[in-house]
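Enquirer: Okay, here's the structure, questions in a sec.
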Protein chains: 2
Amino acid sequence: MKRNAFIIRNILVLLLLTGWQFARAQINNTYNLMPVPRELKTNGERLDITQNFRVSVTGHPDPRIYAEASRFIRRLGEKTGLFLDKQGYVGQQDNNPSAPLLIRVQRPGKLDLNEDETYSLDVHDQQVIIDARTDLGAIHGLETLLQLISTDEQGYYFPGVSIKDQPRFAWRGLLLDVVLHFMPMDVIKRTLDGMAAVKLNVLHLHLSNDQGFRVESKVFPQLQRKASDGLYYSQEEIREIIRYAGQRGIRIVPEFVVPAHTTAILTAFPELASVKRKYSLQRYFGVFDPVLDPTNEKVYVFLDKLFTEMAHLFPDAYFHIGGDENTGKDWENNPHIRAYMKAHGMKNYMDLQTAFNKRILPILEKNGKTMMGWDEILQPGVPKNIVIQSWRGNEAYYTSIKRGYKAILSYGYYIDLIQPASYHYLNDPAPDSVNFTAAEIKNILGGEATMWSELVTPETVDSRIWPRSAAIAERLWSSREIKDVDDMYRRLDRVSLNLEALGLRHEAYKQPMLRRLANGYDTRALEVLVNVIEPLKIYERNQGDTMYSAFSPYTKIADVATPDQALPRIFSRETDLFLKNHEPALEKKITDQLLIWKENHQHFLETLRSSPELGEAVSLSENLSRLAAAGLSAMTFIHAGQQPDADWLEGQLKITEKAREQGGRCELQVVTPVEQLIKAAAGRDWH
Amino acid sequence: MKRNAFIIRNILVLLLLTGWQFARAQINNTYNLMPVPRELKTNGERLDITQNFRVSVTGHPDPRIYAEASRFIRRLGEKTGLFLDKQGYVGQQDNNPSAPLLIRVQRPGKLDLNEDETYSLDVHDQQVIIDARTDLGAIHGLETLLQLISTDEQGYYFPGVSIKDQPRFAWRGLLLDVVLHFMPMDVIKRTLDGMAAVKLNVLHLHLSNDQGFRVESKVFPQLQRKASDGLYYSQEEIREIIRYAGQRGIRIVPEFVVPAHTTAILTAFPELASVKRKYSLQRYFGVFDPVLDPTNEKVYVFLDKLFTEMAHLFPDAYFHIGGDENTGKDWENNPHIRAYMKAHGMKNYMDLQTAFNKRILPILEKNGKTMMGWDEILQPGVPKNIVIQSWRGNEAYYTSIKRGYKAILSYGYYIDLIQPASYHYLNDPAPDSVNFTAAEIKNILGGEATMWSELVTPETVDSRIWPRSAAIAERLWSSREIKDVDDMYRRLDRVSLNLEALGLRHEAYKQPMLRRLANGYDTRALEVLVNVIEPLKIYERNQGDTMYSAFSPYTKIADVATPDQALPRIFSRETDLFLKNHEPALEKKITDQLLIWKENHQHFLETLRSSPELGEAVSLSENLSRLAAAGLSAMTFIHAGQQPDADWLEGQLKITEKAREQGGRCELQVVTPVEQLIKAAAGRDWH
């Protein structure tokens with residue numbers, strides 16, 4: 001049972017001694033704010049939060065500010081436990097200019113790209129004032145204010161600051177794929193709540209793909225009837241999403257992928273296909289050949305009607321047509337299409353896709369929409385008035401900007417790839433290293449995190465979006481110079497708690513999943529293991545798209561293992577530090593931690609007895625145990641100042657090599673630091 | 001840090017040694033099944049669950065069985081981690097009679113009271129067969145089968161059993177109040193999932209009250225516009241609820257309360273009131289005077305239109321008109337109404353309410369509905385063809401049955417009162433002690449757990465419904481003779497895990513709430529306290545309806561403290577046992593537990609430093625610490641076989657007395673067992 005005390009102690013002590021100490025120097029500048037505001041000064045005052053707290057609004061805001069101010073009061077009450085019931089809803093009658101919180105707004109904000117989102121926030125002893133040109137800016141100010149809540153012996157208060165804030169980029173998005181796994185309304189809503197909390201302002205909904213068509217069409221009801229498994233949003237629900245998002249200052253950009261990734265559309269309308277075959281919803285994930293026939297005029301009639309209907313349903317000025325991952329095979333396999341290409345002097349299928357896009361563009365334009373697409377659509381001859389979403393690398397991205405296209409960056413923000421927040425955080429849409437002209441910089445609209453949903457379900461999706469997307473949100477909002485990774489992680493820990501209080505389940509989903517996996521209440525051994533593993537990165541977990549389908553279980557050890565685990569990150573820092581300073585307290589901590597890992601395997605095997613499905617993770621657990629034993633052996637040599645022989649080193653390195661093997665589609669995250677201990681003990685590669 | 005090891009060890013060891021050992025004898029009869037089936041025999045065979053598992057359906061079912069069978073496969077996959085993707089959806093083509101699971105259904109089930117819900121379930125080595133007259137019975141069989149999943153070294157399997165099952169009562173309901181706190185669609189849906197898992201078959205939606213009107217009316221859109229705060233279900237959403245429930249074999253019974261509890265209706269239509277005043281939504285909870293004017297013909301015109309619209313929206317044969325908690329004051333304060341009563345020879349306001357009900361009855365009857373109401377409507381002259389829902393005590397309930405009314409029992413099933421599952425479990429709708437005739441027994445339709453939502457939110461509601469409602473579900477389904485409380489608790493622990501796997505958050509909500517309350521990640525001290533407290537019972541928490549309003553925070557220590565805490569129950573048993581047998585192992589466990597509680601207060605005070613709102617719970621924590629010290633002192637005397645003096649006893653009893661005081665609207669649940677230790681040490685009440 002000591003084991004467990006060790007674990008908790010170690011996690012906490014490590015957190016206290018490392019993540020926090022590194023960052024303490026910065027607290028005065030950044031508080032717990034994420035994203036960090038443009039400008040922040042402290043003034044030494046404070047406003048105490050009491051039951052008399054009230055909010056007033058003056059000026060000429062959009063009515064959304066009243067609902068948001070009301071929501072602010074409720075959230076403040078939930079956070080502080082204060083009974084702030086005297087002001088149930090903030091309304092136009094609440095315009096007392098000396099209220100504890102005064103919000104002043106010049107004009108209603110519009111949900112347009114480049115709408116003014118600036119605000120200032122001043123906390124003084126008697127009053128907090130948020131000033132903003134539009135209510136959209138004021139809403140950002142409210143989120144900043146909630147992040148400022150502080151406590152001391154006297155209770156809750158807002159610290160005295162003067163903030164002037166505005167975003168670096170106007171397009172700060174999250175793509176949520178609701179096709180590969182459908183996401184119910186409550187997921188959408190809580191995602192929007194989280195986005196607003198970190199000042200993201202575009203939810204890009206990926207609504208059609210080979211696996212389904214997820215919006216009710218009244219013009220073509222066959223789409224939802226035959227091609228959704230009943231998993232789609234009614235138009236009433238779409239309007240509710242748009243209303244809910246708009247309330248929080250978030251635009252909804254819809255994406256309907258054409259001409260490829262259209263198996264769902266072709267399941268409902270096989271006559272639009274390039275190759276005649278039986279179409280049914282795709283149950284696996286990846287890239288497939290089915291594609292609309294661009295030589296068939298019926299395709300354009302269909303898309304005209306469908307896109308016109310959807311253009312009316314979605315009020316945003318941007319409309320995303322996908323355009324990615326066309327294999328071209330079905331076009332090349334159709335003699336008629338080949339002949340058409342030849343007759344029109346097209347060299348390859350991408351020329352045909354460009355011609356197709358040119359037919360789609362006027363459909364969108366007559367509906368007042370700007371076309372967006374993935375970077376594949378950037379082909380010679382594509383009109384300039386479109387927006388390119390870059391995903392295949394920086395080259396395509398830089399090219400589109402230099403060629404005068406507007407672009408948003410997603411390459412480097414693929415949160416489904418299980419990479420750490422630090423990686424995404426340092427991925428700048430306009431890095432120092434590239435010499436953009438001032439005109440080119442203007443083409444950079446911003447960026448979007450992308451949550452593709454092959455391997456996530458409503459149960460796990462939060463843990464893939466949050467908290468990492470908050471780091472991306474900061475990259476898109478804050479200055480380029482804000483890039484201290486330690487301070488980012490310090491603040492991310494706090495913002496993560498705030499996101500949880502909003503209802504996001506990136507932390508809370510773990511315990512139920514561990515209990516289900518353990519088939520009981522004793523999840524301790526499983527948790528020790530889960531805290532040091534991550535799912536295979538990039539797309540390796542799915543073995544080249546062969547393992548998982550729409551009907552697979554997503555309740556496995558790889559689902560409860562989250563990206564960017566804290567414990568391995570901290571352990572790695574500890575070993576680095578120890579190898580530099582040989583600090584006895586660190587030595588003890590590292591040794592204690594290694595002991596826990598070493599002994600955990602026997603407990604894991606007990607859990608396995610009531611949970612056969614954990615069989616896939618036995619090798620991971622065993623490898624962790626052996627790795628820890630190797631680490632302990634290294635620590636003994638280091639402690640004694642003795643050098644082991646070459647056989648020892650060879651033996652230990654075999655263990656680390658084996659510890660790198662996957663198990664249950666996961667991999668251990670603590671191999672490298674233990675390997676460094678081993679090499680240090682052997683007198684080589686000392687740190 | 002040892003503290004923490006103690007806690008976890010003690011909880012687990014206590015669970016292992018007590019709850020489980022008492023019940024082990026029964027495992028062979030009841031497995032992990034809840035509700036316990038009518039008849040169960042074992043046959044020594046087993047069906048191994050492998051990737052080749054398939055489901056077939058034969059006979060003439062309602063199509064709902066295909067969706068439920070598909071859902072069954074997904075749940076089986078999630079539970080076992082097996083890739084059961086080969087059968088994505090079960091359909092009519094899946095009719096192979098030798099499939100591993102064969103479901104045979106004679107005819108489509110109708111969502112009617114008294115529809116046949118019987119099924120049999122036979123597990124043999126090669127095949128599981130579920131036989132049912134209707135698909136509703138077959139769905140119950142699928143839930144039973146999921147509860148039977150077992151594991152051993154060879155993997156997952158269904159144990160060989162032959163079950164014949166049918167419900168004792170046809171009406172097995174849960175009332176969900178969506179007015180006092182609105183419950184979004186996802187709460188409704190997961191509640192329905194949980195209900196189906198324990199074979200509850202009626203969701204009674206309480207849809208209007210003083211605080212809001214929660215359904216879109218197309219005839220009177222003022223209702224949702226002026227009297228819902230925007231918190232209502234659209235008719236599309238209501239249809240979706242009905243569809244979703246029907247899919248699981250659950251009826252939806254709507255309740256619109258008249259003539260009292262109508263402040264919301266009167267906010268939209270003040271001209272229908274008995275007293276002219278300004279009406280606005282009630283923000284507090286309780287009993288209020290506003291009431292419809294039964295002498296105003298416009299009231300009946302309004303109710304005719306409204307109830308006709310709602311009768312069409314809700315297809316169920318029963319329609320609940322509330323009828324409860326009319327103070328009568330507004331009637332007596334209106335001279336016109338007083339004169340009307342006099343003119344019609346009415347003695348009191350209840351006569352007038354009966355006359356009102358008689359006007360409502362034909363409105364419902366012409367819409368094919370049976371009227372239901374709370375037991376207040378049972379007045380002389382009320383027609384016999386209505387259903388009485390008993391809530392004010394057994395007397396009203398027995399009276400209504402004896403007088404020939406159909407009745408359902410809710411008295412004793414008020415899960416909002418924070419009473420233990422054992423209390424509800426032993427509350428029988430037709431107890432031995434009452435001599436009902438066979439004809440009278442037929443008047444007992446069943447019962448309903450009632451989840452009134454004054455003090456619950458979407459975040460906490462699951463913890464008040466589950467798992468206790470599963471015990472009520474068993475009471476309503478299983479034989480009267482099934483009433484072993486220990487075995488109930490043993491199985492409740494397992495069913496609770498199953499409910500959690502369905503998405504219910506009665507367990508998972510705790511950690512996020514503890515983190516918010518602690519304002520950080522270290523929640524240990526708070527958890528030690530929370531595990532031994534419960535919110536004040538009955539309606540005491542809300543101090544006579546004066547403390548909480550719709551706008552209050554429900555994120556306090558009383559919200560994370562759940563009803564029916566396991567640790568106090570187990571500790572109490574341990575002390576009982578110890579006082580009988582003086583077992584050294586028990587002595588050590590009790591002492592260790594008391595030490596944890598004693599020392600916890602200092603850690604709690606550390607947590608308090610970053611969470612001022614915990615101030616309201618300081619006395620609880622301090623009392624726990626003192627109580628534990630008193631208990632330790634008692635244990636020392638008992639150990640030494642010495643008798644303390646009278647002063648000692650007096651001093652300790654003062655501590656226990658003080659420990660019974662509320663703090664943060666909660667009370668300690670371990671006072672009585674410690675008091676018993678003290679009295680035993682003092683040589684009195686040694687039992």
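Chain identifiers are assigned as A, B, and so on, following the order in which chains appear in the structure tokens; residues are numbered from 1 within each chain, and ligands are numbered from 1 in order of appearance.
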Please build the interface table for chain A against chain B with a cut-off of 8 Å, listing for each qualifying residue the nearest atom pair and the distance in Å to one decimal; count only C-alpha atoms, order rows by chain and increasing number, and write it as JSON lines.
Expert:
```
{"residue": "A:Met1", "atom": "CA", "partner": "B:Ala5", "partner_atom": "CA", "distance": 5.9}
{"residue": "A:Lys2", "atom": "CA", "partner": "B:Ala5", "partner_atom": "CA", "distance": 6.2}
{"residue": "A:Asn4", "atom": "CA", "partner": "B:Ala5", "partner_atom": "CA", "distance": 6.2}
{"residue": "A:Ala5", "atom": "CA", "partner": "B:Ala5", "partner_atom": "CA", "distance": 5.3}
{"residue": "A:Arg9", "atom": "CA", "partner": "B:Met1", "partner_atom": "CA", "distance": 6.9}
{"residue": "A:Arg74", "atom": "CA", "partner": "B:Phe551", "partner_atom": "CA", "distance": 7.0}
{"residue": "A:Gly77", "atom": "CA", "partner": "B:Pro553", "partner_atom": "CA", "distance": 5.5}
{"residue": "A:Glu78", "atom": "CA", "partner": "B:Pro553", "partner_atom": "CA", "distance": 4.9}
{"residue": "A:Lys79", "atom": "CA", "partner": "B:Arg516", "partner_atom": "CA", "distance": 6.9}
{"residue": "A:Thr80", "atom": "CA", "partner": "B:Glu613", "partner_atom": "CA", "distance": 6.1}
{"residue": "A:Gly81", "atom": "CA", "partner": "B:Glu613", "partner_atom": "CA", "distance": 5.8}
{"residue": "A:Leu82", "atom": "CA", "partner": "B:Pro553", "partner_atom": "CA", "distance": 7.0}
{"residue": "A:Phe83", "atom": "CA", "partner": "B:Ser552", "partner_atom": "CA", "distance": 5.3}
{"residue": "A:Leu84", "atom": "CA", "partner": "B:Ser552", "partner_atom": "CA", "distance": 6.6}
{"residue": "A:Asp85", "atom": "CA", "partner": "B:Phe551", "partner_atom": "CA", "distance": 4.8}
{"residue": "A:Gly88", "atom": "CA", "partner": "B:Phe551", "partner_atom": "CA", "distance": 5.9}
{"residue": "A:Thr151", "atom": "CA", "partner": "B:Ser610", "partner_atom": "CA", "distance": 6.0}
{"residue": "A:Asp152", "atom": "CA", "partner": "B:Ser610", "partner_atom": "CA", "distance": 6.6}
{"residue": "A:Glu153", "atom": "CA", "partner": "B:Arg609", "partner_atom": "CA", "distance": 6.6}
{"residue": "A:Gln154", "atom": "CA", "partner": "B:Pro612", "partner_atom": "CA", "distance": 7.8}
{"residue": "A:Gly155", "atom": "CA", "partner": "B:Pro612", "partner_atom": "CA", "distance": 5.3}
{"residue": "A:Tyr156", "atom": "CA", "partner": "B:Pro612", "partner_atom": "CA", "distance": 7.2}
{"residue": "A:Asp186", "atom": "CA", "partner": "B:Asp186", "partner_atom": "CA", "distance": 6.5}
{"residue": "A:Arg494", "atom": "CA", "partner": "B:Gly520", "partner_atom": "CA", "distance": 7.9}
{"residue": "A:Leu497", "atom": "CA", "partner": "B:Arg516", "partner_atom": "CA", "distance": 7.2}
{"residue": "A:Glu500", "atom": "CA", "partner": "B:Pro512", "partner_atom": "CA", "distance": 6.6}
{"residue": "A:Ala501", "atom": "CA", "partner": "B:Arg516", "partner_atom": "CA", "distance": 6.5}
{"residue": "A:Glu507", "atom": "CA", "partner": "B:Pro512", "partner_atom": "CA", "distance": 7.8}
{"residue": "A:Ala508", "atom": "CA", "partner": "B:Ala508", "partner_atom": "CA", "distance": 6.1}
{"residue": "A:Tyr509", "atom": "CA", "partner": "B:Ala508", "partner_atom": "CA", "distance": 7.3}
{"residue": "A:Gln511", "atom": "CA", "partner": "B:Ala508", "partner_atom": "CA", "distance": 6.8}
{"residue": "A:Pro512", "atom": "CA", "partner": "B:Ala508", "partner_atom": "CA", "distance": 6.3}
{"residue": "A:Met513", "atom": "CA", "partner": "B:Ala501", "partner_atom": "CA", "distance": 7.7}
{"residue": "A:Arg515", "atom": "CA", "partner": "B:Leu497", "partner_atom": "CA", "distance": 7.4}
{"residue": "A:Arg516", "atom": "CA", "partner": "B:Ala501", "partner_atom": "CA", "distance": 6.5}
{"residue": "A:Leu517", "atom": "CA", "partner": "B:Lys79", "partner_atom": "CA", "distance": 7.6}
{"residue": "A:Gly520", "atom": "CA", "partner": "B:Leu497", "partner_atom": "CA", "distance": 7.4}
{"residue": "A:Asp522", "atom": "CA", "partner": "B:Leu12", "partner_atom": "CA", "distance": 8.0}
{"residue": "A:Ser549", "atom": "CA", "partner": "B:Asp85", "partner_atom": "CA", "distance": 7.0}
{"residue": "A:Ala550", "atom": "CA", "partner": "B:Asp85", "partner_atom": "CA", "distance": 7.7}
{"residue": "A:Phe551", "atom": "CA", "partner": "B:Asp85", "partner_atom": "CA", "distance": 4.8}
{"residue": "A:Ser552", "atom": "CA", "partner": "B:Phe83", "partner_atom": "CA", "distance": 5.3}
{"residue": "A:Pro553", "atom": "CA", "partner": "B:Glu78", "partner_atom": "CA", "distance": 4.9}
{"residue": "A:Tyr554", "atom": "CA", "partner": "B:Glu78", "partner_atom": "CA", "distance": 6.8}
{"residue": "A:Thr555", "atom": "CA", "partner": "B:Glu78", "partner_atom": "CA", "distance": 5.6}
{"residue": "A:Lys556", "atom": "CA", "partner": "B:Gly81", "partner_atom": "CA", "distance": 6.3}
{"residue": "A:Arg609", "atom": "CA", "partner": "B:Glu153", "partner_atom": "CA", "distance": 6.6}
{"residue": "A:Ser610", "atom": "CA", "partner": "B:Thr151", "partner_atom": "CA", "distance": 6.0}
{"residue": "A:Ser611", "atom": "CA", "partner": "B:Thr151", "partner_atom": "CA", "distance": 7.0}
{"residue": "A:Pro612", "atom": "CA", "partner": "B:Gly155", "partner_atom": "CA", "distance": 5.3}
{"residue": "A:Glu613", "atom": "CA", "partner": "B:Gly81", "partner_atom": "CA", "distance": 5.8}
```
Enquirer: Take the residues from that selection and put them in a file with N, CA and C atoms, as a short mmCIF file (atom, residue, chain, number, x, y, z; two decimals), in the first residue's frame.
Expert:
```
data_model
loop_
_atom_site.label_atom_id
_atom_site.label_comp_id
_atom_site.auth_asym_id
_atom_site.auth_seq_id
_atom_site.Cartn_x
_atom_site.Cartn_y
_atom_site.Cartn_z
N MET A 1 0.82 -1.21 0.00
CA MET A 1 0.00 0.00 0.00
C MET A 1 0.86 1.26 0.00
N LYS A 2 2.07 1.14 0.44
CA LYS A 2 2.96 2.29 0.38
C LYS A 2 3.10 2.80 -1.04
N ASN A 4 1.09 3.28 -3.24
CA ASN A 4 0.17 4.31 -3.66
C ASN A 4 0.51 5.67 -3.08
N ALA A 5 0.96 5.64 -1.82
CA ALA A 5 1.38 6.91 -1.22
C ALA A 5 2.53 7.49 -2.03
N ARG A 9 2.49 11.08 -3.78
CA ARG A 9 3.48 12.03 -3.30
C ARG A 9 4.37 12.48 -4.44
N ARG A 74 -23.25 33.56 -13.07
CA ARG A 74 -23.45 32.18 -12.61
C ARG A 74 -22.11 31.47 -12.43
N GLY A 77 -20.45 32.62 -9.36
CA GLY A 77 -21.08 32.01 -8.19
C GLY A 77 -20.64 30.56 -8.01
N GLU A 78 -20.56 29.82 -9.10
CA GLU A 78 -20.15 28.42 -9.02
C GLU A 78 -18.71 28.29 -8.54
N LYS A 79 -17.89 29.24 -8.95
CA LYS A 79 -16.46 29.19 -8.62
C LYS A 79 -16.23 29.59 -7.16
N THR A 80 -17.00 30.53 -6.66
CA THR A 80 -16.75 31.07 -5.33
C THR A 80 -17.73 30.54 -4.28
N GLY A 81 -18.80 29.91 -4.73
CA GLY A 81 -19.82 29.45 -3.80
C GLY A 81 -20.67 30.58 -3.24
N LEU A 82 -20.46 31.79 -3.74
CA LEU A 82 -21.26 32.93 -3.26
C LEU A 82 -22.66 32.89 -3.85
N PHE A 83 -23.64 33.30 -3.05
CA PHE A 83 -25.02 33.35 -3.54
C PHE A 83 -25.22 34.68 -4.25
N LEU A 84 -24.93 34.68 -5.53
CA LEU A 84 -25.09 35.90 -6.32
C LEU A 84 -26.46 35.90 -6.99
N ASP A 85 -27.49 35.48 -6.23
CA ASP A 85 -28.80 35.31 -6.88
C ASP A 85 -29.57 36.60 -7.07
N GLY A 88 -30.44 37.83 -11.29
CA GLY A 88 -30.67 36.58 -12.01
C GLY A 88 -30.16 36.65 -13.42
N THR A 151 -7.56 34.21 -4.61
CA THR A 151 -8.02 33.99 -3.23
C THR A 151 -6.92 34.33 -2.25
N ASP A 152 -7.32 34.77 -1.08
CA ASP A 152 -6.42 34.81 0.07
C ASP A 152 -7.27 34.68 1.33
N GLU A 153 -6.68 34.97 2.47
CA GLU A 153 -7.39 34.76 3.73
C GLU A 153 -8.70 35.56 3.76
N GLN A 154 -8.72 36.66 3.01
CA GLN A 154 -9.92 37.50 3.06
C GLN A 154 -11.02 37.04 2.09
N GLY A 155 -10.71 36.09 1.27
CA GLY A 155 -11.74 35.59 0.37
C GLY A 155 -11.33 35.71 -1.09
N TYR A 156 -12.33 35.87 -1.94
CA TYR A 156 -12.10 35.92 -3.38
C TYR A 156 -11.96 37.37 -3.83
N ASP A 186 -24.47 17.84 -27.13
CA ASP A 186 -23.82 18.27 -25.88
C ASP A 186 -22.31 18.37 -26.04
N ARG A 494 -3.75 25.41 -14.91
CA ARG A 494 -4.84 26.20 -14.33
C ARG A 494 -6.01 26.30 -15.30
N LEU A 497 -8.23 23.34 -15.29
CA LEU A 497 -9.24 23.32 -14.22
C LEU A 497 -10.44 24.19 -14.59
N GLU A 500 -12.49 22.38 -17.08
CA GLU A 500 -13.25 21.32 -16.42
C GLU A 500 -14.49 21.89 -15.73
N ALA A 501 -14.33 23.05 -15.10
CA ALA A 501 -15.47 23.66 -14.41
C ALA A 501 -16.58 24.04 -15.39
N GLU A 507 -10.40 15.43 -18.07
CA GLU A 507 -9.86 14.75 -16.90
C GLU A 507 -10.87 13.73 -16.36
N ALA A 508 -12.12 14.16 -16.27
CA ALA A 508 -13.13 13.34 -15.58
C ALA A 508 -13.43 12.04 -16.30
N TYR A 509 -13.14 11.96 -17.59
CA TYR A 509 -13.48 10.74 -18.33
C TYR A 509 -12.61 9.57 -17.91
N GLN A 511 -11.43 8.23 -14.87
CA GLN A 511 -11.77 7.28 -13.81
C GLN A 511 -12.85 6.29 -14.25
N PRO A 512 -13.94 6.75 -14.87
CA PRO A 512 -14.94 5.77 -15.32
C PRO A 512 -14.35 4.77 -16.31
N MET A 513 -13.49 5.27 -17.18
CA MET A 513 -12.90 4.37 -18.18
C MET A 513 -11.95 3.37 -17.52
N ARG A 515 -12.29 2.29 -14.47
CA ARG A 515 -13.12 1.31 -13.76
C ARG A 515 -13.69 0.28 -14.73
N ARG A 516 -14.10 0.75 -15.91
CA ARG A 516 -14.64 -0.21 -16.88
C ARG A 516 -13.54 -1.16 -17.34
N LEU A 517 -12.35 -0.59 -17.60
CA LEU A 517 -11.23 -1.43 -18.05
C LEU A 517 -10.82 -2.42 -16.98
N GLY A 520 -13.89 -3.16 -12.27
CA GLY A 520 -14.05 -3.06 -10.82
C GLY A 520 -13.56 -1.71 -10.33
N ASP A 522 -10.96 -1.16 -8.11
CA ASP A 522 -9.54 -0.98 -7.81
C ASP A 522 -8.77 -0.74 -9.11
N SER A 549 -12.67 0.37 -36.99
CA SER A 549 -13.78 0.78 -37.85
C SER A 549 -14.76 1.56 -36.99
N ALA A 550 -15.83 2.00 -37.64
CA ALA A 550 -16.87 2.73 -36.92
C ALA A 550 -17.46 1.90 -35.79
N PHE A 551 -17.34 0.57 -35.88
CA PHE A 551 -18.01 -0.30 -34.91
C PHE A 551 -17.04 -0.88 -33.87
N SER A 552 -15.81 -0.40 -33.88
CA SER A 552 -14.82 -0.93 -32.93
C SER A 552 -15.04 -0.35 -31.54
N PRO A 553 -14.51 -1.02 -30.53
CA PRO A 553 -14.57 -0.44 -29.18
C PRO A 553 -13.48 0.63 -29.03
N TYR A 554 -13.87 1.75 -28.45
CA TYR A 554 -12.91 2.83 -28.15
C TYR A 554 -12.88 3.04 -26.64
N THR A 555 -12.73 1.92 -25.98
CA THR A 555 -12.78 1.90 -24.51
C THR A 555 -11.55 1.15 -24.01
N LYS A 556 -10.48 1.26 -24.77
CA LYS A 556 -9.30 0.44 -24.49
C LYS A 556 -8.23 1.28 -23.79
N ARG A 609 -6.60 -10.32 -13.90
CA ARG A 609 -7.40 -11.52 -13.61
C ARG A 609 -8.89 -11.27 -13.82
N SER A 610 -9.37 -10.08 -13.52
CA SER A 610 -10.79 -9.81 -13.75
C SER A 610 -11.02 -9.00 -15.02
N SER A 611 -9.97 -8.75 -15.78
CA SER A 611 -10.14 -7.97 -17.00
C SER A 611 -9.27 -8.52 -18.12
N PRO A 612 -9.75 -9.60 -18.74
CA PRO A 612 -8.94 -10.25 -19.78
C PRO A 612 -8.50 -9.29 -20.89
N GLU A 613 -9.30 -8.25 -21.16
CA GLU A 613 -8.93 -7.40 -22.28
C GLU A 613 -7.63 -6.65 -22.04
#
```
Enquirer: Write out as an MDAnalysis selection string which residues come within 10 Å of segment 104-108 of chain B when counting only C-alpha atoms, dropping same-chain ones fewer than 3 positions away.
Expert: chainID B and resid 56:65 95 97 101 111 119:120 129:138
Enquirer: Determine, counting only C-alpha atoms, which protein, DNA and RNA residues have an atom within 9 Å of an atom of segment 655-658 of chain B; residues of the same chain fewer than 4 positions away are not included. Present the result as an MDAnalysis selection string.
Expert: chainID B and resid 623 626:627 630 650:651 671:672 674:675
Enquirer: Write out, as a PDB file, in the first residue's frame, the residues just selected, with C-alpha atoms.
Expert:
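Final file, out_24.pdb:
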```pdb
ATOM      1  CA  ASN B 623     -15.951  17.908  14.543  1.00  0.00           C
ATOM      2  CA  ARG B 626     -12.620  15.610  17.570  1.00  0.00           C
ATOM      3  CA  LEU B 627     -15.066  12.771  17.110  1.00  0.00           C
ATOM      4  CA  ALA B 630     -12.970  10.580  21.123  1.00  0.00           C
ATOM      5  CA  GLU B 650     -19.707  13.208  29.703  1.00  0.00           C
ATOM      6  CA  GLY B 651     -16.888  14.919  27.843  1.00  0.00           C
ATOM      7  CA  VAL B 671     -21.352   9.894  14.858  1.00  0.00           C
ATOM      8  CA  THR B 672     -23.481   6.960  15.933  1.00  0.00           C
ATOM      9  CA  VAL B 674     -18.264   6.356  17.411  1.00  0.00           C
ATOM     10  CA  GLU B 675     -20.826   7.025  20.094  1.00  0.00           C
TER      11      GLU B 675
END
```
Enquirer: Please run DSSP on the backbone and report, as an NGL selection string, all residues within segment 143-377 of chain A that come out as strand (DSSP E).
Expert: :A and (150-152 or 155-165 or 171-177 or 202-209 or 212-213 or 251-258 or 318-322 or 370-374)
Enquirer: List every residue of segment 2-235 of chain A that DSSP, applied to the backbone of this structure, places in alpha helix (DSSP H), and write the result as a PyMOL selection string.
Expert: chain A and resi 2-14+20-23+27-30+64-80+135-148+185-197+222-226+235
Enquirer: List the spatial neighbours of Ser410 of chain A as a list in words - criterion: any atom at most 7 Å away, only C-alpha atoms, same-chain residues fewer than 5 positions off excluded.
Expert: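 The residues that qualify are Gln389, Ser390, Trp391, Gly447, Glu448, Ala449 and Thr450 of chain A.
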Enquirer: Distance atom CA of Val275 of chain B-atom CA of His261 of chain B, one decimal place?
Expert: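 Distance between the two atoms: 14.0 Å.
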Enquirer: Which residues are near Leu526 of chain B? Cut-off 8 Å, only C-alpha atoms, ignore same chain within fewer than 5 positions. Put them as a ChimeraX atom specification.
Expert: /B:514,518,604,607
Enquirer: Taking into account only C-alpha atoms, which residue in the set B:Glu587, B:Asp324, B:Glu599, B:Glu667 is nearest to Gln565 of chain B?
Expert: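 Among the listed residues, B:Glu667 lies closest to Gln565 of chain B.
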